[in-house]
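Undergrad: Data file query_20.tsv (TSV, C-alpha atoms) is appended below.
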```tsv
chain	number	residue	atom	x	y	z
K	1	MET	CA	108.64	124.22	88.63
K	2	THR	CA	108.47	120.51	89.32
K	3	ASP	CA	105.62	118.17	88.47
K	4	ARG	CA	103.31	117.41	91.34
K	5	LEU	CA	102.99	113.79	92.34
K	6	PRO	CA	99.58	112.15	92.27
K	7	CYS	CA	98.86	111.28	95.91
K	8	HIS	CA	96.35	108.82	97.31
K	9	ILE	CA	95.44	109.04	101.00
K	10	THR	CA	94.90	105.80	102.89
K	11	VAL	CA	94.41	104.80	106.50
K	12	ALA	CA	95.36	101.57	108.27
K	13	ALA	CA	94.87	99.98	111.69
K	14	VAL	CA	97.44	98.03	113.71
K	15	ILE	CA	95.42	95.86	116.08
K	16	GLU	CA	97.25	93.65	118.59
K	17	ARG	CA	95.85	91.01	120.91
K	18	ASP	CA	98.09	88.78	123.05
K	19	GLY	CA	101.15	89.29	120.83
K	20	ARG	CA	99.28	88.58	117.61
K	21	PHE	CA	98.19	91.15	115.05
K	22	LEU	CA	95.03	91.27	112.98
K	23	PHE	CA	95.64	90.88	109.25
K	24	VAL	CA	93.18	90.81	106.39
K	25	GLU	CA	93.76	88.43	103.50
K	26	GLU	CA	93.02	90.00	100.13
K	27	THR	CA	94.00	89.72	96.48
K	28	ASP	CA	96.43	92.21	94.96
K	29	ALA	CA	97.65	91.89	91.37
K	30	GLY	CA	96.32	88.33	91.21
K	31	ARG	CA	98.00	87.02	94.38
K	32	ARG	CA	96.79	86.47	97.94
K	33	VAL	CA	98.43	88.91	100.33
K	34	LEU	CA	98.13	90.13	103.91
K	35	ASN	CA	97.51	93.70	104.92
K	36	GLN	CA	96.29	95.55	107.95
K	37	PRO	CA	92.65	96.57	107.74
K	38	ALA	CA	93.11	99.59	105.51
K	39	GLY	CA	91.63	101.65	102.74
K	40	HIS	CA	91.15	105.00	101.09
K	41	LEU	CA	89.88	108.18	102.64
K	42	ASP	CA	86.35	108.90	101.37
K	43	GLY	CA	84.91	112.36	100.74
K	44	GLY	CA	83.48	114.03	103.81
K	45	GLU	CA	85.54	111.95	106.27
K	46	ASP	CA	88.39	112.82	108.54
K	47	LEU	CA	91.19	110.29	109.01
K	48	ILE	CA	89.79	108.83	112.24
K	49	GLU	CA	86.32	108.33	110.75
K	50	ALA	CA	87.93	106.66	107.74
K	51	VAL	CA	89.94	104.12	109.74
K	52	ILE	CA	86.94	103.22	111.92
K	53	ARG	CA	84.84	102.67	108.77
K	54	GLU	CA	87.54	100.66	106.99
K	55	VAL	CA	88.06	98.32	109.95
K	56	ARG	CA	84.31	97.83	110.26
K	57	GLU	CA	83.88	97.11	106.53
K	58	GLU	CA	86.82	94.71	106.30
K	59	THR	CA	86.53	92.87	109.63
K	60	CYS	CA	83.00	93.44	110.98
K	61	LEU	CA	84.69	94.63	114.20
K	62	ASP	CA	84.42	97.96	116.01
K	63	PHE	CA	87.80	99.73	116.14
K	64	THR	CA	88.65	102.34	118.76
K	65	PRO	CA	91.68	104.39	117.66
K	66	GLU	CA	93.85	105.26	120.67
K	67	ALA	CA	96.88	106.78	118.92
K	68	THR	CA	98.46	107.25	115.53
K	69	LEU	CA	101.72	105.58	114.54
K	70	GLY	CA	102.43	108.36	112.05
K	71	CYS	CA	102.48	108.70	108.29
K	72	GLU	CA	104.41	106.93	105.56
K	73	LEU	CA	104.85	107.59	101.85
K	74	LEU	CA	104.80	104.57	99.58
K	75	GLU	CA	106.25	105.27	96.15
K	76	LEU	CA	104.24	103.59	93.41
K	77	ALA	CA	105.95	101.94	90.45
K	78	ALA	CA	103.53	103.71	88.10
K	79	GLY	CA	104.42	107.08	89.62
K	80	GLY	CA	102.78	108.94	92.44
K	81	VAL	CA	102.62	108.05	96.10
K	82	ILE	CA	100.30	106.72	98.73
K	83	LEU	CA	100.23	108.70	101.96
K	84	ARG	CA	99.30	106.14	104.61
K	85	VAL	CA	98.26	107.23	108.10
K	86	THR	CA	98.28	104.33	110.56
K	87	PHE	CA	96.40	104.09	113.85
K	88	CYS	CA	96.45	101.60	116.70
K	89	GLY	CA	93.82	100.52	119.18
K	90	PRO	CA	91.58	97.63	120.22
K	91	VAL	CA	88.60	96.06	118.51
K	92	THR	CA	85.37	94.69	119.91
K	93	ASP	CA	82.55	92.77	118.33
K	94	LEU	CA	79.80	94.82	116.74
K	95	PRO	CA	76.33	94.27	118.23
K	96	ALA	CA	74.90	93.61	114.75
K	97	PRO	CA	77.71	93.12	112.25
K	98	GLY	CA	76.87	93.63	108.61
K	99	PRO	CA	78.40	91.80	105.69
K	100	ARG	CA	82.18	91.93	105.36
K	101	ASP	CA	83.76	93.55	102.30
K	102	PRO	CA	83.76	90.80	99.64
K	103	ALA	CA	87.36	91.72	98.70
K	104	ILE	CA	88.49	90.32	102.07
K	105	HIS	CA	88.96	86.54	101.93
K	106	ALA	CA	89.74	85.93	105.62
K	107	LEU	CA	91.00	87.42	108.86
K	108	HIS	CA	94.16	86.14	110.55
K	109	TRP	CA	95.66	86.77	113.99
K	110	LEU	CA	99.39	86.21	113.47
K	111	THR	CA	102.73	87.12	114.94
K	112	PRO	CA	104.74	89.44	112.69
K	113	GLU	CA	107.25	86.62	112.16
K	114	ALA	CA	104.59	84.18	110.97
K	115	ALA	CA	103.06	86.79	108.66
K	116	GLU	CA	106.43	87.55	107.08
K	117	ARG	CA	107.51	83.91	106.85
K	118	GLU	CA	104.28	82.36	105.58
K	119	TRP	CA	102.65	85.10	103.47
K	120	SER	CA	103.23	87.73	100.85
K	121	LEU	CA	102.54	91.17	102.24
K	122	ARG	CA	100.60	93.88	100.39
K	123	SER	CA	103.42	96.38	100.84
K	124	PRO	CA	106.52	97.04	102.94
K	125	LEU	CA	104.36	99.32	105.09
K	126	VAL	CA	102.61	96.32	106.68
K	127	LEU	CA	105.59	95.21	108.79
K	128	ARG	CA	106.96	98.73	109.08
K	129	SER	CA	103.76	99.78	110.86
K	130	ILE	CA	103.97	96.82	113.23
K	131	ARG	CA	107.63	97.65	113.99
K	132	ARG	CA	106.63	101.22	114.86
K	133	TYR	CA	103.96	99.84	117.16
K	134	LEU	CA	106.36	97.42	118.85
K	135	GLU	CA	108.96	100.19	119.27
K	136	GLY	CA	106.35	102.15	121.23
K	137	THR	CA	105.63	104.91	118.74
K	138	ARG	CA	102.39	106.60	119.78
K	139	LEU	CA	101.32	110.05	118.67
K	140	PRO	CA	98.14	111.67	120.01
K	141	LEU	CA	95.09	111.47	117.79
K	142	GLU	CA	95.00	115.26	117.81
K	143	ALA	CA	98.12	115.16	115.63
K	144	VAL	CA	96.00	114.01	112.66
K	145	ALA	CA	92.45	114.78	113.72
K	146	GLY	CA	89.89	116.92	112.02
K	147	ARG	CA	89.13	118.46	108.69
K	148	VAL	CA	89.17	122.16	108.01
K	149	ARG	CA	87.14	123.62	105.20
K	150	ALA	CA	88.82	126.27	103.08
K	151	ALA	CA	87.26	129.68	103.31
K	152	THR	CA	85.16	130.58	100.29
K	153	THR	CA	85.76	133.88	98.56
K	154	PRO	CA	82.83	136.05	97.52
```
Mind converting the file's structure to structure tokens?
TA:
Amino acid sequence: MTDRLPCHITVAAVIERDGRFLFVEETDAGRRVLNQPAGHLDGGEDLIEAVIREVREETCLDFTPEATLGCELLELAAGGVILRVTFCGPVTDLPAPGPRDPAIHALHWLTPEAAEREWSLRSPLVLRSIRRYLEGTRLPLEAVAGRVRAATTP
């Protein structure tokens, strides 16, 4: 029997407007990096609820997922993996935005080339997700929607 990998589930949003993509600037391991709006799945959420919440918390914008770009596994140096499910769709302003997550320093609308040339990226999944988007990858939301509760035994 093999050891099971510790696995963290995250969601991310690829948001494009006029050829530019929305990035969040954050600190990772003491350095400023760019990422898509992204974060961990919380208890009681499905993946779509999680990505809507994460975008709202990190950008103060309302995200409408239209499709998923699929899943990726990011191998961690310390062992384990992150399973990242990425969505795409537009954002609109919230009628009454709350405070933005204090871990987010700024928002940037950049071309993928400018992001790669001028910034450090949080992980290789940042540009990989944008490439999938630009290649036209779109899977229906039903491919990753919903949570199913395990049946309880008496």
Undergrad: Residues within 8 Å of Val85 (chain K), please, as number ranges by chain. Count all atoms listed in the file; anything in the same chain fewer than 3 positions from it doesn't count.
TA: K: 9-12, 47, 68-72
Undergrad: Using only C-alpha atoms for the distances, tell me which of K:Val126, K:Cys88, K:Leu121, K:Ala151 is nearest to Arg31 (chain K).
TA: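 Looking at the shortest contact to Arg31 (chain K), the residue is K:Leu121.
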Undergrad: Please provide the set of residues having any atom within 12 Å of Ala78 (chain K), restricted to only C-alpha atoms, with same-chain residues fewer than 6 positions apart removed, written as a PyMOL selection string.
TA: chain K and resi 5-7
Undergrad: How far is it from CA of Leu76 (chain K) to CA of Gly30 (chain K), in Å with one decimal?
TA: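 CA of Gly30 (chain K) lies 17.3 Å from CA of Leu76 (chain K).
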Undergrad: Within 10 Å of Glu54 (chain K), counting only C-alpha atoms, which residues show up once you throw out same-chain ones fewer than 2 positions away? Write them as number ranges by chain, please.
TA: K: 10-13, 37-41, 48-52, 56-63, 101
Undergrad: Would you mind exporting C-alpha atoms of the selected residues as a tab-separated table (two decimals), in the frame of the given file?
TA:
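Listed below is the output, part.tsv:
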```tsv
chain	number	residue	atom	x	y	z
K	10	THR	CA	94.90	105.80	102.89
K	11	VAL	CA	94.41	104.80	106.50
K	12	ALA	CA	95.36	101.57	108.27
K	13	ALA	CA	94.87	99.98	111.69
K	37	PRO	CA	92.65	96.57	107.74
K	38	ALA	CA	93.11	99.59	105.51
K	39	GLY	CA	91.63	101.65	102.74
K	40	HIS	CA	91.15	105.00	101.09
K	41	LEU	CA	89.88	108.18	102.64
K	48	ILE	CA	89.79	108.83	112.24
K	49	GLU	CA	86.32	108.33	110.75
K	50	ALA	CA	87.93	106.66	107.74
K	51	VAL	CA	89.94	104.12	109.74
K	52	ILE	CA	86.94	103.22	111.92
K	56	ARG	CA	84.31	97.83	110.26
K	57	GLU	CA	83.88	97.11	106.53
K	58	GLU	CA	86.82	94.71	106.30
K	59	THR	CA	86.53	92.87	109.63
K	60	CYS	CA	83.00	93.44	110.98
K	61	LEU	CA	84.69	94.63	114.20
K	62	ASP	CA	84.42	97.96	116.01
K	63	PHE	CA	87.80	99.73	116.14
K	101	ASP	CA	83.76	93.55	102.30
```
Undergrad: Extract, using all atoms listed in the file, all DNA, RNA and protein residues at most 8 Å from region 14-20 of chain K, discarding same-chain residues fewer than 3 positions from it, and format them as a list in words.
TA: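 So, after excluding close chain neighbours, the residues are Gln36, Pro37, Thr86, Phe87, Cys88, Gly89, Pro90, Val91, Trp109, Leu110, Thr111, Pro112, Ser129, Ile130 and Tyr133 of chain K.
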Undergrad: Could you tell me which of K:Val33, K:Val81, K:Ala143, K:Leu22 comes closest to Glu118 (chain K) if we count all atoms listed in the file?
TA: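 Using all atoms listed in the file, Glu118 (chain K) sits closest to K:Val33.
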Undergrad: Using all atoms listed in the file, pick whichever of K:Glu25, K:Glu66, K:Asp42, K:Asp3 has the shortest atom-to-atom distance to Ala145 (chain K).
TA: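 For Ala145 (chain K), the nearest of the given residues is K:Glu66.
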Undergrad: Provide the CA of Asn35 (chain K) to CA of Arg122 (chain K) distance in Å, to one decimal place.
TA: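 Interatomic distance, CA of Asn35 (chain K) to CA of Arg122 (chain K): 5.5 Å.
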Undergrad: Could you check how far CA of His8 (chain K) sits from CA of Gly79 (chain K), in Å to one decimal?
TA: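 Interatomic distance here is 11.3 Å.
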Undergrad: Tell me, as a PDB file with C-alpha atoms, in the coordinates of the input, which residues lie within 10 Å of Arg147 (chain K), counting only C-alpha atoms; anything in the same chain fewer than 2 positions away does not count.
TA:
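Output (around09.pdb):
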```pdb
ATOM      1  CA  GLY K  44      83.480 114.030 103.810  1.00  0.00           C
ATOM      2  CA  GLU K  45      85.540 111.950 106.270  1.00  0.00           C
ATOM      3  CA  ASP K  46      88.390 112.820 108.540  1.00  0.00           C
ATOM      4  CA  LEU K  47      91.190 110.290 109.010  1.00  0.00           C
ATOM      5  CA  VAL K 144      96.000 114.010 112.660  1.00  0.00           C
ATOM      6  CA  ALA K 145      92.450 114.780 113.720  1.00  0.00           C
ATOM      7  CA  ARG K 149      87.140 123.620 105.200  1.00  0.00           C
ATOM      8  CA  ALA K 150      88.820 126.270 103.080  1.00  0.00           C
TER       9      ALA K 150
END
```
Undergrad: Looking at all atoms listed in the file, which of K:Thr137, K:Thr27, K:Ser123, K:Thr2 is the one that sits closest to Ile82 (chain K)?
TA: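 Answer, going by the shortest atom-to-atom distance: K:Ser123.
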Undergrad: Have a look at K:Gly43, K:Pro102, K:Pro140, K:Gly146 and name the one nearest to Val24 (chain K); count only C-alpha atoms.
TA: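 The closest residue to Val24 (chain K) is K:Pro102.
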Undergrad: Just checking: using only C-alpha atoms, which residue out of K:Pro97, K:Glu142, K:Thr152, K:Glu26 ends up closest to Pro65 (chain K)?
TA: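 That would be K:Glu142, the residue with the smallest distance to Pro65 (chain K).
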